[in-house]
Amino acid sequence: MSLTFQGRVHRFGDEVNTDVILPGRYLALRKPEELGKHCMEGIDPDFIHRVQPGDILAVGRNFGCGSSREHAVIALKAAGVSAIVAVSAARIFFRNAVNLGLPVILCPEAATSLREGEEARVALEDMSVTQGDAAWRGLALGDEVRAILAAGGLVPRVRQALAA
Amino acid sequence: MTGQTITQKILAAHTEDGRAEPGSIVTIRPDVVLLNDVSGPLAFEQFEAMGATRPFDPARIVLVADHFAPAPDVTAAGAIAMTRAFAQRHGIEHFYEPGRGGIEHTLLAELGMVGHGTIVFGADSHTCTAGAFNALGIGFGSTDLAGALVMGQLWMRVPDSIRVELVGTPGPYVSGKDIILELIRRIGSDGAADAALEFGGPGVAGLPMDARMAVANMAVEGGADTCVFEGDTLSTTDMALRGVPTAPAVLADADAVYRERIVIDLSALSPMVARPPSPASGVPVGQLRGQRVDQVYVGNCSNGTMTDLRQVADILRGRQVAPGVRMVVVPATQKIWRQALAEGLLDVMAAAGAAISTPTCGACFGGHMGILAAGETAIATTNRNYRGRMGHPDSQVFLANAWVAAAAAVAGEIVPPDEIAQTAKAAA
């Protein structure tokens, strides 16, 4: 998979939890196209009409806190989100995102500075986040996380392990 | 070598080389892998996609249909059917659905699968409830647990530990819920990020196992990776009662290193209510006096125990749910439901005008069995009150203990429970 992502920025605040990313009433759904339609419905019902494939989220503290529902990550991906730049992210959400190949870059300076609606670029090779003339460097990924993202998620990673 | 925390010791006992230094990445082999009808179906699809043919150990896998169970619609019925089929295909005997099961975390303890030193990997954030039993419950998503189903192990970062010293004896109408709401109020929703909360101190001895479960359940609402109570005489006796094989209590070394130490004086606590939209926004119940409620919900994996149902019956006996208020009571498991029936508690509640549900996660997560309309307000013994958690985005949820919830049902508004307890009961 490509390790560089480019798209327009959508900003969200602190403690955007998985209940508002994908409300509980949709948890019996599993298909990405069904879940994607409800992405961010609990906090911003219009988001799904604005987001374009490849777009990047710039979010505040403790993004994805609450329920472990992986449906939240599936919905974000299906809506077109390619990467998330966060002040901080909840542990389970971060793992779920990595496992499904959705990178979360922890970089408070970038997360608070990225401008809404403008193009930005995220490169996992050097953990850089750039927008116009501004550039930031996110927290380095651990070896295991990097290996999972490089493999394209945990499913291909385990497939490789089983085949070895 | 410096002393070790409870978390380090339990994790180290589940690694290949017996090491678990805080901050390091380790591979953990859990004792139990737990999935439900919401997290399970996604995991089963990933399990297939990984090319796996059989899970690591069917005897250590527990599958519980509890979220959308009994199924409210065809989609949910299909998810439960998938869970049932996975159990059958792989010879997993621990599959539970309505009539024989209950809410997964309460049920797992009842089944005798959690005791001193156990590690549970659960595809549910409230897996941390197992901490009550001197065990580590660690929440994950579906793909991680698909990996655990295949390999019987997962990588994780060993968390730091935060020691929470409980001292003093709680006053009237103060329960486990109030301890955790006070802790989360102090540290915030991510105050325990990358850490395990370790509960100890002289105040633990006086806390029944149900109260410890209520505390442990909401560790994740403080951002904790997991949590654990010190084992003691009570947890040892409790293991015997639940049929858990004997194992020594895991205690921290005197020179264990903590990221932070927090003291909570239980004698200074009031019943707490967390205001929407955050479990970290607790205030003493008196500050919310007069807040109208449309629905009262008692249940969920934190507070649907016998202790909670007895507290509800204490308040409701001889009294009525206020006109215009709906009260829904959800015993956490079939066993609890039957015991509440045998003790006459269900009749007290029904006579007061409460609706009694079969065990289910139900409305706690906004699924079914008591969803809120726009503009409605609930008080609930559940663990989350994020925006729209229990239904419409413009509904709101206050979190409280079962006495406070029942008192609000009688008054039609939030009120300190001692004030209701002092009012005259209607003639029987």
# chains A, B, ... in the order shown; residues from 1 in each chain; ligands from 1
$ select_by_dssp --residues "chain A" --states "alpha helix (DSSP H)" --output "number ranges by chain"
A: 18-21, 32-36, 47-50, 71-79, 91-99, 108-113, 143-151, 154-163
$ interface_residues --of "chain B" --to "chain A" --cutoff "6 Å" --atoms "only C-alpha atoms" --output "count of residues only"
10
$ residues_around --residues "Phe44 in chain B" --least-positions-apart "3" --cutoff "8 Å" --atoms "only C-alpha atoms" --output "short mmCIF file (atom, residue, chain, number, x, y, z; two decimals) with N, CA and C atoms, in the first residue's frame"
data_model
loop_
_atom_site.label_atom_id
_atom_site.label_comp_id
_atom_site.auth_asym_id
_atom_site.auth_seq_id
_atom_site.Cartn_x
_atom_site.Cartn_y
_atom_site.Cartn_z
N GLY B 40 -18.20 -9.83 17.17
CA GLY B 40 -17.91 -11.17 16.68
C GLY B 40 -18.02 -11.32 15.16
N PRO B 41 -19.16 -10.99 14.57
CA PRO B 41 -19.32 -11.20 13.13
C PRO B 41 -18.22 -10.53 12.29
N PHE B 47 -11.30 -13.44 10.34
CA PHE B 47 -10.71 -14.76 10.60
C PHE B 47 -10.64 -15.55 9.29
N GLU B 48 -11.74 -15.52 8.53
CA GLU B 48 -11.77 -16.19 7.22
C GLU B 48 -10.77 -15.54 6.26
N PHE B 86 -20.54 -19.82 13.90
CA PHE B 86 -19.10 -19.90 14.15
C PHE B 86 -18.82 -20.85 15.32
N ALA B 146 -9.68 -11.18 15.83
CA ALA B 146 -9.58 -12.23 14.80
C ALA B 146 -8.17 -12.80 14.83
#
$ residues_around --residues "Ala254 in chain B" --least-positions-apart "3" --cutoff "12 Å" --atoms "only C-alpha atoms" --output "short mmCIF file (atom, residue, chain, number, x, y, z; two decimals) with N, CA and C atoms, in the first residue's frame"
data_model
loop_
_atom_site.label_atom_id
_atom_site.label_comp_id
_atom_site.auth_asym_id
_atom_site.auth_seq_id
_atom_site.Cartn_x
_atom_site.Cartn_y
_atom_site.Cartn_z
N THR B 2 13.78 -3.44 40.21
CA THR B 2 12.78 -2.80 41.07
C THR B 2 11.53 -3.66 41.18
N GLY B 3 10.70 -3.31 42.16
CA GLY B 3 9.48 -4.07 42.39
C GLY B 3 8.51 -3.95 41.23
N GLN B 4 7.56 -4.86 41.22
CA GLN B 4 6.61 -4.90 40.11
C GLN B 4 5.18 -4.57 40.56
N THR B 5 4.43 -3.99 39.63
CA THR B 5 3.02 -3.73 39.86
C THR B 5 2.23 -5.02 39.60
N ILE B 6 0.94 -5.00 39.96
CA ILE B 6 0.08 -6.16 39.70
C ILE B 6 0.00 -6.41 38.19
N ARG B 163 -1.58 3.98 40.76
CA ARG B 163 -2.10 3.38 41.98
C ARG B 163 -3.25 4.24 42.51
N LEU B 251 -0.41 -9.48 44.09
CA LEU B 251 -0.25 -8.21 44.80
C LEU B 251 0.98 -7.48 44.27
N VAL B 257 6.84 0.61 40.98
CA VAL B 257 6.92 1.98 40.49
C VAL B 257 5.60 2.37 39.81
N TYR B 258 5.04 3.50 40.21
CA TYR B 258 3.78 4.00 39.64
C TYR B 258 3.99 5.32 38.94
#
$ closest_residue --among "B:Ser270, B:Thr7, B:Thr381, B:Thr358" --to "Pro22 in chain B" --atoms "only C-alpha atoms"
B:Thr7
$ closest_residue --among "B:Ser278, B:Thr236, B:Asn134, B:Thr226" --to "Asp14 in chain A" --atoms "only C-alpha atoms"
B:Ser278
$ atom_distance --atom1 "CA of Ala83 in chain A" --atom2 "CA of Val59 in chain A"
10.9 Å
$ closest_atom_pairs --of "range 297-385 of chain B" --to "range 397-419 of chain B" --cutoff "7 Å" --atoms "only C-alpha atoms" --output "Markdown table"
| residue | atom | partner | partner_atom | distance |
| --- | --- | --- | --- | --- |
| B:Val298 | CA | B:Ala402 | CA | 6.5 |
| B:Asp308 | CA | B:Ala402 | CA | 5.5 |
| B:Gln311 | CA | B:Trp403 | CA | 5.4 |
| B:Val312 | CA | B:Ala406 | CA | 5.4 |
| B:Ile315 | CA | B:Ala406 | CA | 6.2 |
| B:Leu316 | CA | B:Ala406 | CA | 6.8 |
| B:Gln320 | CA | B:Val410 | CA | 5.9 |
| B:Val321 | CA | B:Val410 | CA | 4.5 |
| B:Ala322 | CA | B:Val410 | CA | 5.0 |
| B:Val325 | CA | B:Gly412 | CA | 6.2 |
| B:Met327 | CA | B:Ala409 | CA | 6.6 |
| B:Thr377 | CA | B:Val397 | CA | 5.9 |
| B:Ala378 | CA | B:Val397 | CA | 4.8 |
| B:Ile379 | CA | B:Phe398 | CA | 4.6 |
| B:Ala380 | CA | B:Leu399 | CA | 5.1 |
| B:Thr381 | CA | B:Ala400 | CA | 5.2 |
| B:Thr382 | CA | B:Leu399 | CA | 6.3 |
| B:Asn383 | CA | B:Leu399 | CA | 6.8 |
| B:Asn385 | CA | B:Val397 | CA | 5.1 |
$ write_last_selection --atoms "N, CA and C atoms" --output "PDB file, in the first residue's frame"
ATOM      1  N   VAL B 298     -32.007   1.106  34.548  1.00  0.00           N
ATOM      2  CA  VAL B 298     -31.101   0.406  35.461  1.00  0.00           C
ATOM      3  C   VAL B 298     -30.657  -0.877  34.783  1.00  0.00           C
ATOM      4  N   ASP B 308     -27.334  -3.919  42.674  1.00  0.00           N
ATOM      5  CA  ASP B 308     -28.081  -2.804  42.080  1.00  0.00           C
ATOM      6  C   ASP B 308     -29.590  -3.022  42.163  1.00  0.00           C
ATOM      7  N   GLN B 311     -30.831  -2.378  45.568  1.00  0.00           N
ATOM      8  CA  GLN B 311     -30.882  -0.928  45.833  1.00  0.00           C
ATOM      9  C   GLN B 311     -32.147  -0.322  45.211  1.00  0.00           C
ATOM     10  N   VAL B 312     -32.463  -0.742  44.005  1.00  0.00           N
ATOM     11  CA  VAL B 312     -33.669  -0.237  43.340  1.00  0.00           C
ATOM     12  C   VAL B 312     -34.907  -0.617  44.150  1.00  0.00           C
ATOM     13  N   ILE B 315     -35.649   1.414  47.282  1.00  0.00           N
ATOM     14  CA  ILE B 315     -36.292   2.709  47.037  1.00  0.00           C
ATOM     15  C   ILE B 315     -37.739   2.529  46.555  1.00  0.00           C
ATOM     16  N   LEU B 316     -37.975   1.545  45.701  1.00  0.00           N
ATOM     17  CA  LEU B 316     -39.301   1.430  45.068  1.00  0.00           C
ATOM     18  C   LEU B 316     -40.346   0.736  45.949  1.00  0.00           C
ATOM     19  N   GLN B 320     -44.210   4.482  43.985  1.00  0.00           N
ATOM     20  CA  GLN B 320     -44.585   4.395  42.579  1.00  0.00           C
ATOM     21  C   GLN B 320     -43.626   5.220  41.712  1.00  0.00           C
ATOM     22  N   VAL B 321     -43.372   4.712  40.515  1.00  0.00           N
ATOM     23  CA  VAL B 321     -42.680   5.508  39.518  1.00  0.00           C
ATOM     24  C   VAL B 321     -43.576   6.703  39.183  1.00  0.00           C
ATOM     25  N   ALA B 322     -42.999   7.901  39.139  1.00  0.00           N
ATOM     26  CA  ALA B 322     -43.788   9.122  38.950  1.00  0.00           C
ATOM     27  C   ALA B 322     -44.532   9.098  37.616  1.00  0.00           C
ATOM     28  N   VAL B 325     -43.041   9.245  33.804  1.00  0.00           N
ATOM     29  CA  VAL B 325     -41.674   8.703  33.763  1.00  0.00           C
ATOM     30  C   VAL B 325     -41.741   7.225  33.408  1.00  0.00           C
ATOM     31  N   MET B 327     -39.675   3.639  33.513  1.00  0.00           N
ATOM     32  CA  MET B 327     -38.524   3.015  34.150  1.00  0.00           C
ATOM     33  C   MET B 327     -38.304   1.640  33.540  1.00  0.00           C
ATOM     34  N   THR B 377     -34.678  13.096  28.195  1.00  0.00           N
ATOM     35  CA  THR B 377     -33.601  12.975  29.179  1.00  0.00           C
ATOM     36  C   THR B 377     -33.763  11.672  29.951  1.00  0.00           C
ATOM     37  N   ALA B 378     -32.650  10.975  30.127  1.00  0.00           N
ATOM     38  CA  ALA B 378     -32.656   9.752  30.931  1.00  0.00           C
ATOM     39  C   ALA B 378     -31.641   9.863  32.051  1.00  0.00           C
ATOM     40  N   ILE B 379     -31.911   9.141  33.138  1.00  0.00           N
ATOM     41  CA  ILE B 379     -30.872   8.880  34.121  1.00  0.00           C
ATOM     42  C   ILE B 379     -30.660   7.375  34.075  1.00  0.00           C
ATOM     43  N   ALA B 380     -29.398   6.965  34.036  1.00  0.00           N
ATOM     44  CA  ALA B 380     -29.100   5.558  33.797  1.00  0.00           C
ATOM     45  C   ALA B 380     -27.910   5.108  34.635  1.00  0.00           C
ATOM     46  N   THR B 381     -27.911   3.827  34.988  1.00  0.00           N
ATOM     47  CA  THR B 381     -26.774   3.266  35.734  1.00  0.00           C
ATOM     48  C   THR B 381     -25.697   2.767  34.777  1.00  0.00           C
ATOM     49  N   THR B 382     -25.746   3.186  33.535  1.00  0.00           N
ATOM     50  CA  THR B 382     -24.838   2.696  32.502  1.00  0.00           C
ATOM     51  C   THR B 382     -23.491   3.427  32.589  1.00  0.00           C
ATOM     52  N   ASN B 383     -22.648   3.269  31.571  1.00  0.00           N
ATOM     53  CA  ASN B 383     -21.287   3.778  31.698  1.00  0.00           C
ATOM     54  C   ASN B 383     -20.910   4.877  30.704  1.00  0.00           C
ATOM     55  N   ASN B 385     -22.373   8.448  28.462  1.00  0.00           N
ATOM     56  CA  ASN B 385     -23.444   9.415  28.216  1.00  0.00           C
ATOM     57  C   ASN B 385     -23.058  10.390  27.121  1.00  0.00           C
TER      58      ASN B 385
END
$ select_by_dssp --residues "range 135-285 of chain B" --states "strand (DSSP E or B)" --output "PyMOL selection string"
chain B and resi 136-139+154-157+160-167+193+195-200+224+226-229+256+260-265+272-274+282-284
